[in-house]
$ cat upload-v4.cif   # mmCIF, C-alpha atoms
data_coords
loop_
_atom_site.label_atom_id
_atom_site.label_comp_id
_atom_site.auth_asym_id
_atom_site.auth_seq_id
_atom_site.Cartn_x
_atom_site.Cartn_y
_atom_site.Cartn_z
CA MET A 1 -1.93 -52.64 -15.43
CA ARG A 2 0.09 -55.05 -13.30
CA LEU A 3 -1.72 -57.83 -11.48
CA THR A 4 0.18 -58.26 -8.21
CA SER A 5 -1.91 -61.30 -7.35
CA LEU A 6 -0.57 -63.00 -10.48
CA ASP A 7 3.02 -62.36 -9.34
CA VAL A 8 2.12 -63.88 -5.97
CA PHE A 9 0.45 -66.86 -7.67
CA ARG A 10 3.63 -67.34 -9.74
CA GLY A 11 5.76 -67.06 -6.62
CA ILE A 12 3.71 -69.67 -4.77
CA THR A 13 4.03 -71.97 -7.77
CA ILE A 14 7.81 -71.59 -8.13
CA ALA A 15 8.25 -72.11 -4.36
CA VAL A 16 6.22 -75.32 -4.49
CA MET A 17 8.09 -76.47 -7.61
CA ILE A 18 11.45 -76.05 -5.87
CA LEU A 19 10.02 -77.82 -2.81
CA VAL A 20 8.79 -80.89 -4.68
CA ASN A 21 11.85 -81.05 -6.94
CA MET A 22 14.18 -81.20 -3.95
CA ALA A 23 11.97 -83.49 -1.87
CA GLY A 24 11.57 -85.82 -4.84
CA VAL A 25 15.28 -86.63 -4.92
CA ALA A 26 14.92 -88.62 -1.69
CA ASP A 27 13.78 -92.24 -1.80
CA ASP A 28 10.91 -91.61 0.61
CA VAL A 29 8.70 -88.52 0.57
CA TYR A 30 5.24 -87.62 1.77
CA SER A 31 2.76 -88.65 -0.93
CA PRO A 32 1.47 -85.09 -1.65
CA LEU A 33 5.06 -84.17 -2.59
CA ALA A 34 5.26 -86.93 -5.23
CA HIS A 35 3.62 -87.23 -8.62
CA ALA A 36 0.83 -89.74 -9.16
CA ASP A 37 2.30 -92.98 -10.44
CA TRP A 38 0.04 -92.83 -13.51
CA HIS A 39 -3.68 -91.96 -13.41
CA GLY A 40 -4.73 -89.51 -10.70
CA CYS A 41 -3.60 -86.13 -9.45
CA THR A 42 -1.61 -85.10 -6.39
CA PRO A 43 -0.82 -81.52 -5.30
CA THR A 44 2.54 -81.93 -7.02
CA ASP A 45 0.76 -82.62 -10.31
CA LEU A 46 -0.80 -79.15 -10.16
CA VAL A 47 2.48 -77.25 -10.32
CA PHE A 48 3.31 -77.58 -14.03
CA PRO A 49 -0.18 -76.74 -15.36
CA PHE A 50 -0.26 -73.78 -12.97
CA PHE A 51 2.81 -72.39 -14.74
CA LEU A 52 1.13 -72.75 -18.14
CA PHE A 53 -2.04 -71.13 -16.79
CA ILE A 54 0.05 -68.23 -15.40
CA VAL A 55 1.78 -67.81 -18.77
CA GLY A 56 -1.65 -67.44 -20.33
CA VAL A 57 -2.88 -64.86 -17.83
CA ALA A 58 0.31 -62.83 -18.29
CA MET A 59 -0.15 -62.94 -22.08
CA THR A 60 -3.42 -61.06 -21.64
CA PHE A 61 -1.48 -58.03 -20.45
CA SER A 62 1.71 -58.37 -22.52
CA LEU A 63 -0.15 -58.85 -25.81
CA SER A 64 -3.13 -56.57 -25.14
CA LYS A 65 -2.11 -53.77 -27.49
CA TYR A 66 -1.36 -56.28 -30.25
CA THR A 67 -4.67 -58.17 -29.98
CA GLU A 68 -6.51 -54.92 -30.57
CA GLY A 69 -5.41 -54.61 -34.20
CA ASN A 70 -1.86 -53.28 -33.83
CA THR A 71 0.03 -56.48 -34.66
CA THR A 72 3.47 -55.94 -36.21
CA SER A 73 6.28 -58.24 -37.26
CA ALA A 74 8.28 -57.10 -34.23
CA ILE A 75 5.93 -58.84 -31.80
CA TYR A 76 6.29 -62.12 -33.68
CA TRP A 77 10.07 -61.90 -33.48
CA ARG A 78 9.83 -61.13 -29.75
CA ILE A 79 7.57 -64.15 -29.17
CA LEU A 80 9.85 -66.39 -31.24
CA ARG A 81 12.93 -65.14 -29.39
CA ARG A 82 11.36 -65.82 -26.01
CA ALA A 83 10.25 -69.29 -27.05
CA ALA A 84 13.72 -70.09 -28.41
CA ILE A 85 15.43 -68.98 -25.19
CA LEU A 86 13.07 -71.09 -23.06
CA PHE A 87 13.67 -74.12 -25.28
CA ALA A 88 17.44 -73.62 -25.14
CA LEU A 89 17.34 -73.33 -21.33
CA GLY A 90 15.41 -76.61 -21.25
CA LEU A 91 18.10 -78.31 -23.32
CA LEU A 92 20.72 -76.86 -20.95
CA LEU A 93 18.97 -78.44 -17.97
CA ASN A 94 18.61 -81.77 -19.78
CA GLY A 95 22.23 -81.91 -20.85
CA PHE A 96 23.93 -80.48 -17.78
CA TRP A 97 26.27 -82.95 -16.09
CA ASN A 98 24.88 -86.13 -17.62
CA GLN A 99 28.43 -87.38 -18.19
CA GLY A 100 30.66 -84.51 -17.16
CA ILE A 101 30.12 -80.99 -15.92
CA TRP A 102 31.03 -79.43 -19.26
CA THR A 103 30.05 -82.38 -21.45
CA PHE A 104 26.85 -82.26 -23.48
CA ASP A 105 26.23 -85.48 -25.37
CA LEU A 106 24.13 -84.25 -28.26
CA SER A 107 23.64 -87.81 -29.48
CA THR A 108 21.59 -88.76 -26.41
CA ILE A 109 20.31 -85.49 -24.95
CA ARG A 110 16.59 -85.53 -24.19
CA ILE A 111 14.87 -83.06 -26.50
CA MET A 112 11.62 -82.39 -24.66
CA GLY A 113 11.14 -81.22 -21.07
CA VAL A 114 9.36 -78.74 -18.82
CA LEU A 115 10.78 -75.53 -20.29
CA GLN A 116 10.50 -76.93 -23.81
CA ARG A 117 6.78 -77.52 -23.29
CA ILE A 118 6.36 -74.01 -21.87
CA SER A 119 8.22 -72.69 -24.92
CA ILE A 120 6.07 -74.50 -27.48
CA THR A 121 2.74 -73.82 -25.79
CA TYR A 122 3.58 -70.14 -25.29
CA LEU A 123 4.55 -69.81 -28.96
CA LEU A 124 1.47 -71.56 -30.32
CA ALA A 125 -0.97 -69.95 -27.88
CA SER A 126 0.43 -66.52 -28.77
CA LEU A 127 -0.09 -67.18 -32.48
CA ILE A 128 -3.65 -68.29 -31.75
CA VAL A 129 -4.63 -65.20 -29.77
CA LEU A 130 -2.97 -62.85 -32.26
CA ASN A 131 -4.64 -64.35 -35.30
CA LEU A 132 -8.04 -65.67 -34.23
CA PRO A 133 -11.05 -63.76 -32.94
CA ARG A 134 -12.22 -64.54 -29.41
CA LYS A 135 -14.91 -66.96 -30.55
CA GLY A 136 -12.40 -68.75 -32.76
CA GLN A 137 -10.00 -69.12 -29.84
CA TRP A 138 -12.67 -70.81 -27.73
CA ILE A 139 -13.71 -73.10 -30.56
CA LEU A 140 -10.11 -74.11 -31.27
CA ALA A 141 -9.51 -74.82 -27.56
CA ALA A 142 -12.53 -77.14 -27.53
CA VAL A 143 -11.42 -78.82 -30.77
CA LEU A 144 -7.93 -79.45 -29.36
CA LEU A 145 -9.27 -81.05 -26.16
CA ILE A 146 -11.99 -83.13 -27.81
CA GLY A 147 -9.77 -84.08 -30.75
CA TYR A 148 -7.00 -85.21 -28.40
CA TRP A 149 -9.49 -87.29 -26.39
CA LEU A 150 -10.94 -88.99 -29.47
CA THR A 151 -7.52 -89.66 -30.96
CA MET A 152 -6.08 -91.13 -27.77
CA MET A 153 -9.10 -93.34 -27.19
CA TYR A 154 -10.12 -94.43 -30.69
CA VAL A 155 -7.09 -94.38 -33.01
CA ALA A 156 -5.30 -97.73 -33.00
CA VAL A 157 -1.59 -97.97 -32.20
CA PRO A 158 0.28 -100.75 -34.05
CA ASP A 159 0.79 -103.81 -31.80
CA PHE A 160 -1.38 -102.27 -29.07
CA GLY A 161 -4.74 -101.26 -30.46
CA ALA A 162 -6.96 -98.29 -29.61
CA GLY A 163 -7.57 -96.73 -26.21
CA VAL A 164 -4.48 -98.24 -24.54
CA LEU A 165 -3.33 -95.63 -22.03
CA THR A 166 -0.11 -97.26 -20.90
CA GLN A 167 3.32 -95.61 -21.04
CA GLU A 168 4.26 -97.47 -24.20
CA GLY A 169 0.90 -98.22 -25.78
CA ASN A 170 -0.77 -94.79 -25.82
CA PHE A 171 -1.08 -92.97 -29.13
CA GLY A 172 1.00 -90.00 -27.92
CA ALA A 173 3.98 -92.22 -27.15
CA TYR A 174 3.60 -93.81 -30.59
CA VAL A 175 3.74 -90.38 -32.28
CA ASP A 176 6.75 -89.37 -30.17
CA ARG A 177 8.59 -92.52 -31.25
CA LEU A 178 7.82 -91.73 -34.89
CA ILE A 179 9.11 -88.16 -34.69
CA ILE A 180 11.81 -88.12 -32.00
CA PRO A 181 14.77 -90.53 -32.26
CA LYS A 182 14.66 -93.10 -29.46
CA ALA A 183 17.94 -91.90 -27.91
CA HIS A 184 16.39 -88.47 -27.34
CA LEU A 185 13.29 -89.66 -25.48
CA TYR A 186 12.79 -89.79 -21.71
CA LYS A 187 14.18 -92.83 -19.93
CA GLY A 188 12.95 -92.29 -16.34
CA ASP A 189 9.73 -93.24 -14.54
CA GLY A 190 9.44 -96.48 -16.49
CA PHE A 191 9.28 -94.83 -19.93
CA ASN A 192 12.61 -96.41 -21.01
CA PHE A 193 12.85 -94.37 -24.22
CA MET A 194 9.35 -95.51 -25.31
CA GLY A 195 7.67 -92.10 -24.85
CA ASP A 196 7.99 -88.83 -23.01
CA PRO A 197 5.88 -87.24 -20.24
CA GLU A 198 6.44 -83.89 -21.99
CA GLY A 199 6.21 -85.35 -25.47
CA LEU A 200 5.21 -83.60 -28.67
CA PHE A 201 1.73 -85.03 -29.10
CA SER A 202 0.68 -84.48 -25.48
CA THR A 203 1.74 -80.84 -25.88
CA ILE A 204 -1.41 -80.29 -27.97
CA PRO A 205 -3.82 -80.22 -25.00
CA ALA A 206 -1.20 -78.33 -22.97
CA ILE A 207 -1.77 -75.40 -25.33
CA VAL A 208 -5.27 -75.19 -23.85
CA SER A 209 -3.79 -74.89 -20.34
CA VAL A 210 -2.20 -71.64 -21.57
CA LEU A 211 -5.37 -70.54 -23.35
CA ALA A 212 -7.39 -71.16 -20.18
CA GLY A 213 -5.14 -68.66 -18.42
CA TYR A 214 -5.50 -66.23 -21.29
CA PHE A 215 -9.29 -66.43 -21.21
CA THR A 216 -9.16 -65.87 -17.45
CA GLY A 217 -6.94 -62.82 -17.82
CA GLN A 218 -9.25 -61.37 -20.46
CA TRP A 219 -12.22 -61.77 -18.15
CA ILE A 220 -10.39 -60.21 -15.18
CA ARG A 221 -9.47 -57.15 -17.27
CA SER A 222 -13.14 -56.55 -18.03
CA GLN A 223 -14.27 -56.80 -14.40
CA PRO A 224 -14.19 -54.33 -11.50
CA VAL A 225 -11.75 -54.93 -8.66
CA LYS A 226 -14.41 -56.25 -6.32
CA SER A 227 -15.25 -59.43 -4.45
CA ARG A 228 -17.75 -60.39 -7.12
CA THR A 229 -14.81 -60.89 -9.50
CA SER A 230 -13.13 -63.21 -7.00
CA ILE A 231 -16.40 -65.09 -6.56
CA GLY A 232 -16.74 -65.39 -10.33
CA LEU A 233 -13.24 -66.88 -10.60
CA ALA A 234 -14.03 -69.33 -7.81
CA LEU A 235 -17.30 -70.39 -9.43
CA PHE A 236 -15.58 -70.96 -12.77
CA GLY A 237 -12.97 -72.97 -10.87
CA VAL A 238 -15.52 -75.20 -9.19
CA GLY A 239 -17.23 -75.73 -12.55
CA CYS A 240 -13.94 -76.82 -14.13
CA LEU A 241 -13.24 -79.20 -11.26
CA ILE A 242 -16.61 -80.87 -11.72
CA ILE A 243 -16.27 -81.11 -15.52
CA GLY A 244 -12.69 -82.39 -15.31
CA TRP A 245 -13.58 -84.95 -12.64
CA ALA A 246 -16.57 -86.18 -14.65
CA TRP A 247 -14.56 -86.37 -17.89
CA GLY A 248 -11.96 -88.34 -15.97
CA TRP A 249 -14.34 -91.30 -15.75
CA THR A 250 -13.97 -91.86 -19.51
CA PHE A 251 -10.56 -90.20 -20.11
CA PRO A 252 -8.58 -90.52 -16.87
CA ILE A 253 -6.91 -87.52 -15.27
CA ASN A 254 -3.23 -88.10 -16.05
CA LYS A 255 -0.39 -85.59 -15.96
CA LYS A 256 2.08 -87.66 -17.99
CA LEU A 257 -0.45 -87.99 -20.80
CA TRP A 258 -1.75 -84.44 -20.18
CA THR A 259 -5.26 -85.71 -20.78
CA SER A 260 -8.10 -83.35 -21.62
CA SER A 261 -9.73 -84.07 -18.26
CA TYR A 262 -6.44 -83.15 -16.57
CA VAL A 263 -6.39 -79.79 -18.40
CA ILE A 264 -9.88 -78.88 -17.21
CA PHE A 265 -9.37 -80.24 -13.69
CA THR A 266 -6.06 -78.44 -13.07
CA SER A 267 -7.41 -75.22 -14.60
CA GLY A 268 -10.15 -75.41 -11.96
CA TRP A 269 -7.60 -75.52 -9.16
CA ALA A 270 -5.65 -72.68 -10.80
CA LEU A 271 -8.79 -70.55 -10.90
CA LEU A 272 -9.48 -71.21 -7.21
CA LEU A 273 -5.96 -70.25 -6.14
CA LEU A 274 -5.98 -67.15 -8.34
CA ALA A 275 -9.39 -66.22 -6.89
CA ALA A 276 -7.99 -66.42 -3.35
CA CYS A 277 -4.93 -64.32 -4.26
CA TYR A 278 -7.07 -61.78 -6.12
CA GLU A 279 -9.51 -61.37 -3.23
CA LEU A 280 -6.82 -60.96 -0.59
CA ILE A 281 -4.39 -58.81 -2.58
CA GLU A 282 -6.37 -56.79 -5.12
CA VAL A 283 -9.70 -56.43 -3.33
CA ARG A 284 -8.83 -56.39 0.39
CA LEU A 285 -5.31 -54.97 -0.11
CA ASN A 286 -3.94 -57.52 2.36
CA ARG A 287 -0.43 -57.83 0.97
CA ARG A 288 1.97 -58.26 3.89
CA TRP A 289 1.72 -62.08 3.85
CA SER A 290 2.27 -62.23 0.11
CA LYS A 291 5.49 -60.24 -0.22
CA PRO A 292 7.85 -63.27 -0.01
CA PHE A 293 5.93 -64.99 -2.80
CA GLU A 294 5.76 -61.81 -4.88
CA ILE A 295 9.55 -61.53 -4.65
CA MET A 296 9.98 -65.08 -5.94
CA GLY A 297 7.34 -64.57 -8.62
CA LEU A 298 9.11 -61.55 -10.06
CA ASN A 299 12.20 -63.67 -10.79
CA ALA A 300 10.65 -67.09 -11.31
CA ILE A 301 12.76 -68.26 -14.26
CA ALA A 302 15.94 -66.88 -12.66
CA LEU A 303 15.26 -69.02 -9.58
CA PHE A 304 13.94 -72.14 -11.30
CA VAL A 305 16.85 -72.78 -13.69
CA PRO A 306 19.70 -72.55 -11.11
CA SER A 307 17.61 -74.52 -8.58
CA VAL A 308 17.48 -77.45 -11.01
CA LEU A 309 21.20 -77.09 -11.77
CA LEU A 310 21.93 -77.14 -8.03
CA ILE A 311 20.02 -80.40 -7.61
CA LYS A 312 22.06 -81.96 -10.41
CA ILE A 313 25.29 -80.79 -8.78
CA LEU A 314 24.26 -82.19 -5.40
CA VAL A 315 23.32 -85.53 -6.94
CA ARG A 316 26.36 -85.84 -9.24
CA THR A 317 29.10 -84.79 -6.83
CA THR A 318 30.30 -86.96 -3.95
CA ILE A 319 31.74 -86.50 -0.48
CA GLY A 320 34.90 -88.55 -0.37
CA THR A 321 36.23 -90.98 -2.96
CA GLY A 322 35.57 -94.56 -3.95
CA LYS A 323 32.52 -96.34 -5.29
CA ASP A 324 30.73 -96.16 -1.92
CA ALA A 325 31.21 -92.41 -1.49
CA PRO A 326 27.79 -90.82 -0.89
CA SER A 327 26.50 -88.08 -3.17
CA THR A 328 26.63 -84.59 -1.74
CA TYR A 329 22.84 -84.65 -1.57
CA ASN A 330 22.71 -87.90 0.40
CA TRP A 331 25.50 -86.79 2.73
CA ILE A 332 23.69 -83.56 3.62
CA TYR A 333 20.32 -85.32 3.74
CA GLN A 334 21.51 -88.09 6.08
CA ASN A 335 23.74 -86.00 8.37
CA PHE A 336 21.76 -82.80 8.70
CA PHE A 337 18.14 -83.90 8.34
CA VAL A 338 17.49 -87.64 8.67
CA SER A 339 19.71 -87.83 11.75
CA TRP A 340 17.22 -85.81 13.82
CA ALA A 341 13.99 -85.61 11.81
CA GLY A 342 13.66 -89.08 10.32
CA VAL A 343 13.34 -90.09 6.68
CA LEU A 344 10.06 -88.45 5.63
CA ASN A 345 10.46 -85.31 7.71
CA GLY A 346 14.09 -85.16 6.66
CA SER A 347 13.24 -84.93 2.96
CA LEU A 348 10.57 -82.35 3.73
CA PHE A 349 12.79 -80.12 5.87
CA PHE A 350 15.68 -80.38 3.39
CA ALA A 351 13.28 -79.19 0.69
CA ILE A 352 11.98 -76.34 2.88
CA VAL A 353 15.52 -75.16 3.62
CA THR A 354 16.23 -75.21 -0.12
CA VAL A 355 13.16 -73.04 -0.80
CA LEU A 356 14.32 -70.58 1.86
CA LEU A 357 17.76 -70.50 0.26
CA TRP A 358 16.32 -69.54 -3.11
CA TRP A 359 13.94 -67.08 -1.47
CA ALA A 360 17.01 -65.38 0.04
CA VAL A 361 18.54 -65.20 -3.44
CA GLY A 362 15.28 -63.71 -4.67
CA VAL A 363 15.35 -61.09 -1.90
CA LEU A 364 18.90 -60.12 -2.86
CA MET A 365 17.90 -59.74 -6.50
CA TYR A 366 14.79 -57.77 -5.53
CA ARG A 367 16.76 -55.33 -3.37
CA GLN A 368 19.27 -54.82 -6.18
CA ARG A 369 16.36 -54.36 -8.62
CA TRP A 370 17.60 -57.27 -10.73
CA PHE A 371 14.67 -58.69 -12.65
CA LEU A 372 15.68 -61.24 -15.26
CA LYS A 373 13.12 -61.63 -18.03
CA VAL A 374 13.24 -64.03 -20.94
#

$ encode --input "upload-v4.cif" --output "structure tokens"
Amino acid sequence: MRLTSLDVFRGITIAVMILVNMAGVADDVYSPLAHADWHGCTPTDLVFPFFLFIVGVAMTFSLSKYTEGNTTSAIYWRILRRAAILFALGLLLNGFWNQGIWTFDLSTIRIMGVLQRISITYLLASLIVLNLPRKGQWILAAVLLIGYWLTMMYVAVPDFGAGVLTQEGNFGAYVDRLIIPKAHLYKGDGFNFMGDPEGLFSTIPAIVSVLAGYFTGQWIRSQPVKSRTSIGLALFGVGCLIIGWAWGWTFPINKKLWTSSYVIFTSGWALLLLAACYELIEVRLNRRWSKPFEIMGLNAIALFVPSVLLIKILVRTTIGTGKDAPSTYNWIYQNFFVSWAGVLNGSLFFAIVTVLLWWAVGVLMYRQRWFLKV
């Protein structure tokens, strides 16, 4: 069984990720296209957990024959291979053109990142679903979320105390500093090598973002292809939004800390979007609008990795010489977009054009039947 609505959901997510990545390079962007400064959640903050949720839903189908008692060593090697490739691609993105186009400074390369978190959560979630019964999976998911909450709020950090949810003072940052050498931590967004927004400790609740998708996929497989299934997804989504919002009063919704409330809240939005895609595509068979997103969703990783590399190239290269030579990004941005659309609209339209560029690449790959899988 292939869930076309999941491919469309993945395509929407990769399109939005490319959009916000490109828009975010500019100094001024519309607020929905930027991450929350710390506590809170913008539409941009939904993109990453959506990917983890999608990974979980897809696992329901890819691991189905192995979760029914047919587990072999081959599946573990396949999972480990996929996780290793994702992690290596993440290191490639981190190290690409930090000092020179072919220079990777292993002494300072950031270890963690988006693909690294996807790699680790996919690996651990797969081991959980292959080795624990359904009830055990649910119990472990609850333990991970509640345990993370209690640890972050009530375990004291040296020199800071307990319940300090600042970039440097939170318990997750403390653990990251203990395990990861300082030179390999994140230095942007005010972290200054004192923690990491995709750190090791905050990856624990991120595992539940994958499991939430897996539980959703299991439920969908047991339901008829009818509107009542879409309604069920939507109701679960609304319930998660309410629980996540309420939990956020005591454990704030925060992407960079990947708080437990954030996991539940973003899973709610993922359920609502999946419900809409499922109703339109699987139930009503209304698929014409979704084809562009389906095309991008079928080659998500093949579009995401080069899109990030392109941004680095645009930012690192210059037009002209000398210390005042503008980056290629700024030159294009100022001359082709700001000049007629203004600053905010300029960053938006530049990002939209970039999405269309990668959609065109996706169309070419689709027509050639090139589907790159990790």

$ atom_distance --input "upload-v4.cif" --atom1 "CA of Asp159 (chain A)" --atom2 "CA of Thr203 (chain A)"
23.7 Å

$ atom_distance --input "upload-v4.cif" --atom1 "CA of Asn286 (chain A)" --atom2 "CA of Leu6 (chain A)"
14.4 Å

$ atom_distance --input "upload-v4.cif" --atom1 "CA of Leu19 (chain A)" --atom2 "CA of Leu357 (chain A)"
11.1 Å

$ closest_residue --input "upload-v4.cif" --among "A:Lys65, A:Arg221, A:Arg134, A:Lys226" --to "Leu285 (chain A)" --atoms "only C-alpha atoms"
A:Lys226

$ resolve_selection --input "upload-v4.cif" --expression "the PyMOL selection byres ((chain A and resi 190-197) around 9)" --output "number ranges by chain"
A: 112-113, 167-170, 172-177, 182-189, 198-200, 202, 255-258

$ resolve_selection --input "upload-v4.cif" --expression "the PyMOL selection byres ((chain A and resi 349) around 12)" --output "number ranges by chain"
A: 19-20, 22-23, 26, 29-30, 332-334, 336-348, 350-356

$ closest_residue --input "upload-v4.cif" --among "A:Phe9, A:Phe96, A:Tyr214, A:Trp370" --to "Gly56 (chain A)" --atoms "all atoms listed in the file"
A:Tyr214

$ resolve_selection --input "upload-v4.cif" --expression "the PyMOL selection byres ((chain A and resi 302-305) around 12)" --output "PyMOL selection string"
chain A and resi 10-11+13-19+21-22+51+86+88-94+96+114-115+295-301+306-312+354-366+370-374

$ residues_around --input "upload-v4.cif" --residues "region 41-44 of chain A" --least-positions-apart "3" --cutoff "7 Å" --atoms "all atoms listed in the file" --output "list of chain:residue names"
A:Val20, A:Pro32, A:Leu33, A:Ala34, A:His35, A:Ala36, A:Val47, A:Ile253, A:Asn254

$ closest_atom_pairs --input "upload-v4.cif" --of "region 210-288 of chain A" --to "region 124-132 of chain A" --cutoff "12 Å" --atoms "all atoms listed in the file" --output "Markdown table"
| residue | atom | partner | partner_atom | distance |
| --- | --- | --- | --- | --- |
| A:Val210 | CA | A:Ala125 | CA | 6.6 |
| A:Leu211 | CA | A:Ala125 | CA | 6.3 |
| A:Ala212 | CA | A:Ala125 | CA | 10.1 |
| A:Gly213 | CA | A:Ala125 | CA | 10.4 |
| A:Tyr214 | CA | A:Val129 | CA | 8.6 |
| A:Phe215 | CA | A:Val129 | CA | 9.8 |
| A:Gln218 | CA | A:Val129 | CA | 11.1 |

$ closest_residue --input "upload-v4.cif" --among "A:Ala275, A:Leu178, A:Val155, A:Ala206" --to "Leu123 (chain A)" --atoms "all atoms listed in the file"
A:Ala206

$ closest_residue --input "upload-v4.cif" --among "A:Tyr66, A:Val25, A:Tyr76, A:Leu144" --to "Ser327 (chain A)" --atoms "only C-alpha atoms"
A:Val25

$ closest_residue --input "upload-v4.cif" --among "A:Cys240, A:Leu150, A:Ile231, A:Ile180" --to "Arg110 (chain A)" --atoms "all atoms listed in the file"
A:Ile180

$ closest_residue --input "upload-v4.cif" --among "A:Pro224, A:Gly24, A:Pro49, A:Gly147" --to "Thr266 (chain A)" --atoms "all atoms listed in the file"
A:Pro49

$ residues_around --input "upload-v4.cif" --residues "Cys277 (chain A)" --least-positions-apart "6" --cutoff "9 Å" --atoms "all atoms listed in the file" --output "NGL selection string"
:A and (4-6 or 8-9 or 230 or 290)
